[in-house]
Amino acid sequence: MMRTFSWRFLLTIGAACLMASSALPAPADCAAKMTFRRVFKGSSPEFIEISVHENSDLGSYEIRQLDEDPGATPFQVGAPLRSKMFALAGELKHFQGQDLDVHRKIAYLGEKTFRWDCGSETHETKFNYTMNPAASQLLQIFEGLARQQEDADLISRRMKYDRLGINDALLQFESDLNRSLLPEPIRLLPMLEQIAADAKFVDIARQRSRSLAERIRHQG
């Protein structure tokens, strides 16, 4: 009789605990952020840092020489590209315990860092050169975003301060586009359309802008 009572008592307590735990709110998903940094003294640029958020188009970038004042600038990264980037980070276990460097005697190409932040969880890994397929793809995207933003910033400066030099900036963008270096060239479409429609710019730049804009629209 006593044994039966004990089992019933334990089952009752267990059920109560289960109901209480199920009534507790589930922990909210953290807002994951991924950051890439490259530091390479003597190169141009010497410092690159790009951060993207899993649940927001708004990211930030910082591209400069090491002796210049630090400061991040916001920019946009679309959902399809972010999804690909975070999927690659998932393949790399969010950089937890990942040794990505080849550990061979090769030329120094700058210290690169992948960092993952999600609530209290933080992981990062550093490398000079990697042959890991997922890491290589992710590196290519981040470096492409940096290159794309350099092109956008150059075109924007020329539009404001050097209208005669705008065609050279467009040629650089076209060269990067031809080499498939830019992950989201559609981001530059508004500037290209503005140049194409503005008679203040030289005709060759306006024609090139129209051609590039049409190419990007067709690819997009």
# chains A, B, ... in the order shown; residues from 1 in each chain; ligands from 1
call {"tool": "select_by_dssp", "arguments": {"residues": "region 2-217 of chain A", "states": "strand (DSSP E or B)", "output": "number ranges by chain"}}
result
A: 33-39, 47-53, 56-64, 73-76, 101, 111-118, 121-127, 130
call {"tool": "select_by_dssp", "arguments": {"residues": "chain A", "states": "helix (DSSP H, G or I)", "output": "JSON list (two decimals) with N, CA and C atoms, in the first residue's frame"}}
result
[["chain", "number", "residue", "atom", "x", "y", "z"],
["A", 2, "MET", "N", 1.93, 1.24, 0.83],
["A", 2, "MET", "CA", 2.82, 2.37, 0.94],
["A", 2, "MET", "C", 3.59, 2.58, -0.37],
["A", 3, "ARG", "N", 3.98, 1.45, -1.02],
["A", 3, "ARG", "CA", 4.73, 1.54, -2.27],
["A", 3, "ARG", "C", 3.86, 2.16, -3.36],
["A", 4, "THR", "N", 2.58, 1.75, -3.45],
["A", 4, "THR", "CA", 1.65, 2.31, -4.43],
["A", 4, "THR", "C", 1.49, 3.80, -4.24],
["A", 5, "PHE", "N", 1.35, 4.22, -2.98],
["A", 5, "PHE", "CA", 1.19, 5.65, -2.66],
["A", 5, "PHE", "C", 2.43, 6.44, -3.12],
["A", 6, "SER", "N", 3.61, 5.88, -2.91],
["A", 6, "SER", "CA", 4.84, 6.57, -3.27],
["A", 6, "SER", "C", 4.93, 6.78, -4.77],
["A", 7, "TRP", "N", 4.58, 5.72, -5.54],
["A", 7, "TRP", "CA", 4.64, 5.86, -7.00],
["A", 7, "TRP", "C", 3.63, 6.90, -7.50],
["A", 8, "ARG", "N", 2.42, 6.88, -6.94],
["A", 8, "ARG", "CA", 1.40, 7.86, -7.34],
["A", 8, "ARG", "C", 1.85, 9.28, -7.01],
["A", 9, "PHE", "N", 2.49, 9.41, -5.82],
["A", 9, "PHE", "CA", 2.97, 10.72, -5.38],
["A", 9, "PHE", "C", 4.04, 11.25, -6.35],
["A", 10, "LEU", "N", 4.98, 10.37, -6.73],
["A", 10, "LEU", "CA", 6.05, 10.79, -7.64],
["A", 10, "LEU", "C", 5.51, 11.14, -9.01],
["A", 11, "LEU", "N", 4.55, 10.34, -9.48],
["A", 11, "LEU", "CA", 3.96, 10.64, -10.79],
["A", 11, "LEU", "C", 3.23, 11.96, -10.78],
["A", 12, "THR", "N", 2.54, 12.25, -9.67],
["A", 12, "THR", "CA", 1.81, 13.52, -9.55],
["A", 12, "THR", "C", 2.76, 14.70, -9.56],
["A", 13, "ILE", "N", 3.87, 14.58, -8.79],
["A", 13, "ILE", "CA", 4.86, 15.65, -8.74],
["A", 13, "ILE", "C", 5.51, 15.85, -10.10],
["A", 14, "GLY", "N", 5.82, 14.74, -10.78],
["A", 14, "GLY", "CA", 6.45, 14.83, -12.10],
["A", 14, "GLY", "C", 5.55, 15.52, -13.11],
["A", 15, "ALA", "N", 4.26, 15.17, -13.07],
["A", 15, "ALA", "CA", 3.31, 15.80, -14.00],
["A", 15, "ALA", "C", 3.19, 17.28, -13.72],
["A", 16, "ALA", "N", 3.18, 17.64, -12.43],
["A", 16, "ALA", "CA", 3.08, 19.06, -12.07],
["A", 16, "ALA", "C", 4.29, 19.84, -12.55],
["A", 17, "CYS", "N", 5.47, 19.24, -12.40],
["A", 17, "CYS", "CA", 6.69, 19.90, -12.85],
["A", 17, "CYS", "C", 6.70, 20.08, -14.37],
["A", 18, "LEU", "N", 6.21, 19.05, -15.08],
["A", 18, "LEU", "CA", 6.15, 19.12, -16.54],
["A", 18, "LEU", "C", 5.22, 20.22, -16.99],
["A", 19, "MET", "N", 4.06, 20.34, -16.33],
["A", 19, "MET", "CA", 3.11, 21.38, -16.70],
["A", 19, "MET", "C", 3.68, 22.76, -16.40],
["A", 20, "ALA", "N", 4.39, 22.88, -15.28],
["A", 20, "ALA", "CA", 4.96, 24.17, -14.92],
["A", 20, "ALA", "C", 6.02, 24.59, -15.92],
["A", 21, "SER", "N", 6.87, 23.63, -16.34],
["A", 21, "SER", "CA", 7.93, 23.97, -17.29],
["A", 21, "SER", "C", 7.37, 24.33, -18.65],
["A", 22, "SER", "N", 6.28, 23.65, -19.05],
["A", 22, "SER", "CA", 5.68, 23.96, -20.35],
["A", 22, "SER", "C", 4.99, 25.30, -20.33],
["A", 23, "ALA", "N", 4.63, 25.78, -19.14],
["A", 23, "ALA", "CA", 3.97, 27.08, -19.05],
["A", 23, "ALA", "C", 4.97, 28.22, -19.13],
["A", 79, "ALA", "N", 18.02, 39.95, -48.45],
["A", 79, "ALA", "CA", 17.72, 38.70, -47.76],
["A", 79, "ALA", "C", 18.29, 37.46, -48.45],
["A", 80, "PRO", "N", 18.22, 37.32, -49.78],
["A", 80, "PRO", "CA", 18.77, 36.11, -50.41],
["A", 80, "PRO", "C", 20.27, 35.96, -50.17],
["A", 81, "LEU", "N", 21.01, 37.06, -50.27],
["A", 81, "LEU", "CA", 22.45, 36.98, -50.04],
["A", 81, "LEU", "C", 22.74, 36.68, -48.57],
["A", 82, "ARG", "N", 22.02, 37.34, -47.66],
["A", 82, "ARG", "CA", 22.22, 37.08, -46.23],
["A", 82, "ARG", "C", 21.93, 35.63, -45.89],
["A", 83, "SER", "N", 20.87, 35.08, -46.49],
["A", 83, "SER", "CA", 20.51, 33.69, -46.24],
["A", 83, "SER", "C", 21.65, 32.76, -46.64],
["A", 84, "LYS", "N", 22.27, 33.04, -47.78],
["A", 84, "LYS", "CA", 23.40, 32.23, -48.24],
["A", 84, "LYS", "C", 24.58, 32.36, -47.28],
["A", 85, "MET", "N", 24.84, 33.59, -46.83],
["A", 85, "MET", "CA", 25.97, 33.83, -45.93],
["A", 85, "MET", "C", 25.78, 33.12, -44.59],
["A", 86, "PHE", "N", 24.59, 33.19, -44.03],
["A", 86, "PHE", "CA", 24.36, 32.56, -42.73],
["A", 86, "PHE", "C", 24.28, 31.03, -42.86],
["A", 87, "ALA", "N", 23.88, 30.54, -44.04],
["A", 87, "ALA", "CA", 23.93, 29.10, -44.26],
["A", 87, "ALA", "C", 25.38, 28.61, -44.28],
["A", 88, "LEU", "N", 26.27, 29.37, -44.90],
["A", 88, "LEU", "CA", 27.69, 29.02, -44.91],
["A", 88, "LEU", "C", 28.27, 29.07, -43.50],
["A", 89, "ALA", "N", 27.86, 30.08, -42.74],
["A", 89, "ALA", "CA", 28.32, 30.17, -41.34],
["A", 89, "ALA", "C", 27.84, 28.95, -40.55],
["A", 90, "GLY", "N", 26.62, 28.49, -40.85],
["A", 90, "GLY", "CA", 26.10, 27.29, -40.19],
["A", 90, "GLY", "C", 26.94, 26.06, -40.52],
["A", 91, "GLU", "N", 27.39, 25.95, -41.77],
["A", 91, "GLU", "CA", 28.26, 24.84, -42.14],
["A", 91, "GLU", "C", 29.57, 24.88, -41.36],
["A", 93, "LYS", "N", 29.79, 25.82, -38.29],
["A", 93, "LYS", "CA", 29.44, 25.74, -36.87],
["A", 93, "LYS", "C", 29.55, 27.09, -36.18],
["A", 94, "HIS", "N", 29.18, 28.15, -36.95],
["A", 94, "HIS", "CA", 29.22, 29.51, -36.41],
["A", 94, "HIS", "C", 30.60, 29.86, -35.88],
["A", 95, "PHE", "N", 31.63, 29.26, -36.51],
["A", 95, "PHE", "CA", 33.04, 29.53, -36.23],
["A", 95, "PHE", "C", 33.50, 28.99, -34.88],
["A", 133, "PRO", "N", 36.10, 24.95, -48.24],
["A", 133, "PRO", "CA", 35.17, 25.43, -49.27],
["A", 133, "PRO", "C", 34.14, 26.44, -48.76],
["A", 134, "ALA", "N", 33.50, 26.16, -47.61],
["A", 134, "ALA", "CA", 32.49, 27.08, -47.08],
["A", 134, "ALA", "C", 33.12, 28.40, -46.67],
["A", 135, "ALA", "N", 34.28, 28.33, -46.02],
["A", 135, "ALA", "CA", 34.97, 29.55, -45.59],
["A", 135, "ALA", "C", 35.41, 30.37, -46.80],
["A", 136, "SER", "N", 35.88, 29.70, -47.85],
["A", 136, "SER", "CA", 36.32, 30.40, -49.06],
["A", 136, "SER", "C", 35.15, 31.12, -49.72],
["A", 137, "GLN", "N", 33.99, 30.47, -49.77],
["A", 137, "GLN", "CA", 32.81, 31.11, -50.35],
["A", 137, "GLN", "C", 32.37, 32.33, -49.54],
["A", 138, "LEU", "N", 32.38, 32.17, -48.22],
["A", 138, "LEU", "CA", 31.98, 33.27, -47.34],
["A", 138, "LEU", "C", 32.97, 34.43, -47.46],
["A", 139, "LEU", "N", 34.25, 34.12, -47.52],
["A", 139, "LEU", "CA", 35.27, 35.16, -47.69],
["A", 139, "LEU", "C", 35.07, 35.90, -49.01],
["A", 140, "GLN", "N", 34.78, 35.16, -50.06],
["A", 140, "GLN", "CA", 34.57, 35.78, -51.37],
["A", 140, "GLN", "C", 33.38, 36.75, -51.33],
["A", 141, "ILE", "N", 32.32, 36.37, -50.63],
["A", 141, "ILE", "CA", 31.15, 37.25, -50.53],
["A", 141, "ILE", "C", 31.50, 38.52, -49.76],
["A", 142, "PHE", "N", 32.14, 38.36, -48.60],
["A", 142, "PHE", "CA", 32.49, 39.53, -47.80],
["A", 142, "PHE", "C", 33.43, 40.47, -48.56],
["A", 143, "GLU", "N", 34.45, 39.92, -49.19],
["A", 143, "GLU", "CA", 35.37, 40.75, -49.94],
["A", 143, "GLU", "C", 34.68, 41.39, -51.14],
["A", 144, "GLY", "N", 33.72, 40.66, -51.72],
["A", 144, "GLY", "CA", 32.94, 41.23, -52.81],
["A", 144, "GLY", "C", 32.08, 42.39, -52.35],
["A", 145, "LEU", "N", 31.48, 42.27, -51.17],
["A", 145, "LEU", "CA", 30.70, 43.37, -50.62],
["A", 145, "LEU", "C", 31.57, 44.60, -50.38],
["A", 146, "ALA", "N", 32.79, 44.37, -49.89],
["A", 146, "ALA", "CA", 33.72, 45.48, -49.67],
["A", 146, "ALA", "C", 34.07, 46.15, -50.99],
["A", 147, "ARG", "N", 34.37, 45.35, -52.00],
["A", 147, "ARG", "CA", 34.71, 45.89, -53.32],
["A", 147, "ARG", "C", 33.52, 46.66, -53.91],
["A", 148, "GLN", "N", 32.35, 46.10, -53.77],
["A", 148, "GLN", "CA", 31.14, 46.74, -54.28],
["A", 148, "GLN", "C", 30.92, 48.09, -53.62],
["A", 149, "GLN", "N", 31.15, 48.15, -52.30],
["A", 149, "GLN", "CA", 30.95, 49.40, -51.60],
["A", 149, "GLN", "C", 32.02, 50.42, -51.96],
["A", 150, "GLU", "N", 33.25, 49.97, -52.20],
["A", 150, "GLU", "CA", 34.29, 50.88, -52.67],
["A", 150, "GLU", "C", 33.89, 51.50, -54.01],
["A", 151, "ASP", "N", 33.35, 50.69, -54.92],
["A", 151, "ASP", "CA", 32.90, 51.20, -56.21],
["A", 151, "ASP", "C", 31.77, 52.21, -56.03],
["A", 152, "ALA", "N", 30.82, 51.87, -55.17],
["A", 152, "ALA", "CA", 29.69, 52.77, -54.93],
["A", 152, "ALA", "C", 30.14, 54.10, -54.34],
["A", 153, "ASP", "N", 31.07, 54.04, -53.38],
["A", 153, "ASP", "CA", 31.56, 55.26, -52.75],
["A", 153, "ASP", "C", 32.33, 56.13, -53.74],
["A", 154, "LEU", "N", 33.12, 55.48, -54.59],
["A", 154, "LEU", "CA", 33.89, 56.23, -55.59],
["A", 154, "LEU", "C", 32.96, 56.92, -56.58],
["A", 155, "ILE", "N", 31.97, 56.21, -57.08],
["A", 155, "ILE", "CA", 31.01, 56.81, -58.02],
["A", 155, "ILE", "C", 30.26, 57.96, -57.35],
["A", 156, "SER", "N", 29.86, 57.77, -56.09],
["A", 156, "SER", "CA", 29.14, 58.81, -55.36],
["A", 156, "SER", "C", 30.00, 60.07, -55.20],
["A", 157, "ARG", "N", 31.29, 59.90, -54.86],
["A", 157, "ARG", "CA", 32.18, 61.07, -54.71],
["A", 157, "ARG", "C", 32.37, 61.79, -56.03],
["A", 158, "ARG", "N", 32.54, 61.02, -57.11],
["A", 158, "ARG", "CA", 32.74, 61.65, -58.42],
["A", 158, "ARG", "C", 31.47, 62.39, -58.87],
["A", 159, "MET", "N", 30.32, 61.85, -58.53],
["A", 159, "MET", "CA", 29.08, 62.54, -58.88],
["A", 159, "MET", "C", 28.99, 63.90, -58.20],
["A", 160, "LYS", "N", 29.52, 63.99, -56.99],
["A", 160, "LYS", "CA", 29.43, 65.24, -56.23],
["A", 160, "LYS", "C", 30.56, 66.22, -56.55],
["A", 161, "TYR", "N", 31.78, 65.69, -56.73],
["A", 161, "TYR", "CA", 32.94, 66.58, -56.75],
["A", 161, "TYR", "C", 33.77, 66.52, -58.03],
["A", 163, "ARG", "N", 32.71, 65.57, -61.79],
["A", 163, "ARG", "CA", 31.84, 65.03, -62.83],
["A", 163, "ARG", "C", 32.60, 64.56, -64.05],
["A", 164, "LEU", "N", 33.74, 65.21, -64.35],
["A", 164, "LEU", "CA", 34.52, 64.80, -65.51],
["A", 164, "LEU", "C", 35.21, 63.45, -65.27],
["A", 165, "GLY", "N", 35.40, 63.09, -63.99],
["A", 165, "GLY", "CA", 36.05, 61.83, -63.68],
["A", 165, "GLY", "C", 35.09, 60.67, -63.44],
["A", 166, "ILE", "N", 33.80, 60.91, -63.66],
["A", 166, "ILE", "CA", 32.80, 59.89, -63.36],
["A", 166, "ILE", "C", 32.97, 58.67, -64.26],
["A", 167, "ASN", "N", 33.42, 58.88, -65.51],
["A", 167, "ASN", "CA", 33.53, 57.74, -66.42],
["A", 167, "ASN", "C", 34.61, 56.76, -65.96],
["A", 168, "ASP", "N", 35.71, 57.27, -65.39],
["A", 168, "ASP", "CA", 36.75, 56.38, -64.87],
["A", 168, "ASP", "C", 36.22, 55.51, -63.73],
["A", 169, "ALA", "N", 35.39, 56.11, -62.88],
["A", 169, "ALA", "CA", 34.78, 55.34, -61.78],
["A", 169, "ALA", "C", 33.84, 54.27, -62.34],
["A", 170, "LEU", "N", 33.10, 54.60, -63.38],
["A", 170, "LEU", "CA", 32.20, 53.64, -64.01],
["A", 170, "LEU", "C", 32.99, 52.50, -64.68],
["A", 171, "LEU", "N", 34.15, 52.83, -65.24],
["A", 171, "LEU", "CA", 34.99, 51.80, -65.86],
["A", 171, "LEU", "C", 35.48, 50.80, -64.80],
["A", 172, "GLN", "N", 35.84, 51.30, -63.63],
["A", 172, "GLN", "CA", 36.28, 50.41, -62.55],
["A", 172, "GLN", "C", 35.14, 49.50, -62.12],
["A", 173, "PHE", "N", 33.95, 50.07, -61.97],
["A", 173, "PHE", "CA", 32.78, 49.27, -61.60],
["A", 173, "PHE", "C", 32.49, 48.22, -62.68],
["A", 174, "GLU", "N", 32.58, 48.62, -63.95],
["A", 174, "GLU", "CA", 32.32, 47.69, -65.06],
["A", 174, "GLU", "C", 33.33, 46.55, -65.06],
["A", 175, "SER", "N", 34.59, 46.86, -64.76],
["A", 175, "SER", "CA", 35.62, 45.82, -64.70],
["A", 175, "SER", "C", 35.32, 44.81, -63.60],
["A", 176, "ASP", "N", 34.91, 45.30, -62.42],
["A", 176, "ASP", "CA", 34.56, 44.40, -61.32],
["A", 176, "ASP", "C", 33.33, 43.58, -61.66],
["A", 177, "LEU", "N", 32.39, 44.20, -62.36],
["A", 177, "LEU", "CA", 31.18, 43.49, -62.77],
["A", 177, "LEU", "C", 31.53, 42.38, -63.77],
["A", 178, "ASN", "N", 32.42, 42.68, -64.71],
["A", 178, "ASN", "CA", 32.84, 41.68, -65.70],
["A", 178, "ASN", "C", 33.51, 40.48, -65.06],
["A", 185, "PRO", "N", 25.24, 43.86, -57.41],
["A", 185, "PRO", "CA", 25.43, 45.08, -58.20],
["A", 185, "PRO", "C", 24.16, 45.90, -58.36],
["A", 186, "ILE", "N", 23.01, 45.28, -58.13],
["A", 186, "ILE", "CA", 21.75, 46.02, -58.24],
["A", 186, "ILE", "C", 21.69, 47.18, -57.25],
["A", 187, "ARG", "N", 22.51, 47.14, -56.20],
["A", 187, "ARG", "CA", 22.55, 48.23, -55.23],
["A", 187, "ARG", "C", 23.01, 49.54, -55.85],
["A", 188, "LEU", "N", 23.76, 49.46, -56.94],
["A", 188, "LEU", "CA", 24.25, 50.67, -57.60],
["A", 188, "LEU", "C", 23.32, 51.18, -58.69],
["A", 189, "LEU", "N", 22.23, 50.47, -58.92],
["A", 189, "LEU", "CA", 21.31, 50.83, -60.00],
["A", 189, "LEU", "C", 20.76, 52.25, -59.87],
["A", 190, "PRO", "N", 20.32, 52.71, -58.69],
["A", 190, "PRO", "CA", 19.81, 54.10, -58.60],
["A", 190, "PRO", "C", 20.84, 55.15, -59.03],
["A", 191, "MET", "N", 22.11, 54.96, -58.67],
["A", 191, "MET", "CA", 23.14, 55.92, -59.08],
["A", 191, "MET", "C", 23.34, 55.91, -60.59],
["A", 192, "LEU", "N", 23.36, 54.71, -61.17],
["A", 192, "LEU", "CA", 23.53, 54.61, -62.61],
["A", 192, "LEU", "C", 22.38, 55.29, -63.35],
["A", 193, "GLU", "N", 21.18, 55.09, -62.86],
["A", 193, "GLU", "CA", 20.02, 55.72, -63.50],
["A", 193, "GLU", "C", 20.06, 57.24, -63.35],
["A", 194, "GLN", "N", 20.55, 57.71, -62.22],
["A", 194, "GLN", "CA", 20.68, 59.15, -62.01],
["A", 194, "GLN", "C", 21.69, 59.76, -62.97],
["A", 195, "ILE", "N", 22.83, 59.10, -63.14],
["A", 195, "ILE", "CA", 23.85, 59.60, -64.06],
["A", 195, "ILE", "C", 23.32, 59.61, -65.49],
["A", 196, "ALA", "N", 22.66, 58.51, -65.88],
["A", 196, "ALA", "CA", 22.14, 58.40, -67.24],
["A", 196, "ALA", "C", 21.14, 59.49, -67.58],
["A", 197, "ALA", "N", 20.43, 59.97, -66.58],
["A", 197, "ALA", "CA", 19.37, 60.95, -66.83],
["A", 197, "ALA", "C", 19.82, 62.39, -66.64],
["A", 203, "ASP", "N", 28.59, 62.80, -72.04],
["A", 203, "ASP", "CA", 27.78, 61.82, -72.77],
["A", 203, "ASP", "C", 28.30, 60.39, -72.63],
["A", 204, "ILE", "N", 29.63, 60.23, -72.66],
["A", 204, "ILE", "CA", 30.18, 58.87, -72.60],
["A", 204, "ILE", "C", 29.85, 58.20, -71.27],
["A", 205, "ALA", "N", 29.82, 59.01, -70.19],
["A", 205, "ALA", "CA", 29.46, 58.46, -68.88],
["A", 205, "ALA", "C", 27.97, 58.14, -68.82],
["A", 206, "ARG", "N", 27.15, 58.99, -69.43],
["A", 206, "ARG", "CA", 25.71, 58.73, -69.44],
["A", 206, "ARG", "C", 25.40, 57.48, -70.25],
["A", 207, "GLN", "N", 26.07, 57.31, -71.37],
["A", 207, "GLN", "CA", 25.84, 56.13, -72.19],
["A", 207, "GLN", "C", 26.31, 54.86, -71.46],
["A", 208, "ARG", "N", 27.47, 54.95, -70.82],
["A", 208, "ARG", "CA", 27.96, 53.79, -70.08],
["A", 208, "ARG", "C", 27.01, 53.44, -68.93],
["A", 209, "SER", "N", 26.49, 54.45, -68.25],
["A", 209, "SER", "CA", 25.55, 54.21, -67.16],
["A", 209, "SER", "C", 24.29, 53.53, -67.65],
["A", 210, "ARG", "N", 23.78, 53.96, -68.80],
["A", 210, "ARG", "CA", 22.58, 53.32, -69.37],
["A", 210, "ARG", "C", 22.86, 51.86, -69.68],
["A", 211, "SER", "N", 24.00, 51.60, -70.28],
["A", 211, "SER", "CA", 24.36, 50.23, -70.65],
["A", 211, "SER", "C", 24.51, 49.35, -69.42],
["A", 212, "LEU", "N", 25.18, 49.86, -68.39],
["A", 212, "LEU", "CA", 25.38, 49.09, -67.17],
["A", 212, "LEU", "C", 24.06, 48.85, -66.44],
["A", 213, "ALA", "N", 23.22, 49.88, -66.41],
["A", 213, "ALA", "CA", 21.92, 49.74, -65.74],
["A", 213, "ALA", "C", 21.06, 48.69, -66.44],
["A", 214, "GLU", "N", 21.06, 48.71, -67.77],
["A", 214, "GLU", "CA", 20.28, 47.73, -68.52],
["A", 214, "GLU", "C", 20.82, 46.31, -68.29],
["A", 215, "ARG", "N", 22.12, 46.19, -68.23],
["A", 215, "ARG", "CA", 22.75, 44.89, -67.99],
["A", 215, "ARG", "C", 22.38, 44.35, -66.61],
["A", 216, "ILE", "N", 22.40, 45.22, -65.61],
["A", 216, "ILE", "CA", 22.08, 44.79, -64.25],
["A", 216, "ILE", "C", 20.60, 44.42, -64.12],
["A", 217, "ARG", "N", 19.75, 45.23, -64.76],
["A", 217, "ARG", "CA", 18.31, 44.90, -64.73],
["A", 217, "ARG", "C", 18.05, 43.55, -65.40],
["A", 218, "HIS", "N", 18.75, 43.29, -66.49],
["A", 218, "HIS", "CA", 18.56, 42.02, -67.20],
["A", 218, "HIS", "C", 19.06, 40.85, -66.36],
["A", 219, "GLN", "N", 20.20, 41.03, -65.68],
["A", 219, "GLN", "CA", 20.74, 39.97, -64.83],
["A", 219, "GLN", "C", 19.88, 39.75, -63.59]]
call {"tool": "closest_atom_pairs", "arguments": {"of": "region 86-173 of chain A", "to": "region 33-48 of chain A", "cutoff": "8 Å", "atoms": "only C-alpha atoms", "output": "Markdown table"}}
result
| residue | atom | partner | partner_atom | distance |
| --- | --- | --- | --- | --- |
| A:Phe86 | CA | A:Met34 | CA | 7.9 |
| A:Leu109 | CA | A:Phe40 | CA | 6.9 |
| A:Gly110 | CA | A:Phe40 | CA | 4.2 |
| A:Glu111 | CA | A:Val39 | CA | 5.3 |
| A:Lys112 | CA | A:Arg38 | CA | 4.4 |
| A:Thr113 | CA | A:Arg37 | CA | 5.1 |
| A:Phe114 | CA | A:Phe36 | CA | 4.9 |
| A:Arg115 | CA | A:Thr35 | CA | 5.1 |
| A:Trp116 | CA | A:Met34 | CA | 4.8 |
| A:Asp117 | CA | A:Lys33 | CA | 5.2 |
| A:Cys118 | CA | A:Lys33 | CA | 6.4 |
| A:Phe142 | CA | A:Phe36 | CA | 6.9 |
| A:Ala146 | CA | A:Ile48 | CA | 7.3 |
call {"tool": "write_last_selection", "arguments": {"atoms": "C-alpha atoms", "output": "CSV table (one decimal), in the first residue's frame"}}
result
chain,number,residue,atom,x,y,z
A,86,PHE,CA,24.4,32.6,-42.7
A,109,LEU,CA,47.6,38.1,-47.2
A,110,GLY,CA,46.4,39.9,-44.1
A,111,GLU,CA,44.8,38.6,-40.9
A,112,LYS,CA,41.1,37.7,-41.6
A,113,THR,CA,38.6,37.2,-38.8
A,114,PHE,CA,35.1,35.7,-38.9
A,115,ARG,CA,33.0,36.5,-35.8
A,116,TRP,CA,29.6,35.3,-34.7
A,117,ASP,CA,27.5,37.1,-32.1
A,118,CYS,CA,24.1,35.8,-30.9
A,142,PHE,CA,32.5,39.5,-47.8
A,146,ALA,CA,33.7,45.5,-49.7
call {"tool": "atom_distance", "arguments": {"atom1": "CA of Leu182 (chain A)", "atom2": "CA of Lys126 (chain A)"}}
result
23.7 Å
call {"tool": "closest_residue", "arguments": {"among": "A:His123, A:Phe75, A:Gln96, A:Val102", "to": "Asp57 (chain A)", "atoms": "only C-alpha atoms"}}
result
A:Phe75
call {"tool": "atom_distance", "arguments": {"atom1": "CA of Ile50 (chain A)", "atom2": "CA of Cys30 (chain A)"}}
result
19.6 Å
call {"tool": "atom_distance", "arguments": {"atom1": "CA of Thr122 (chain A)", "atom2": "CA of Ser51 (chain A)"}}
result
14.0 Å
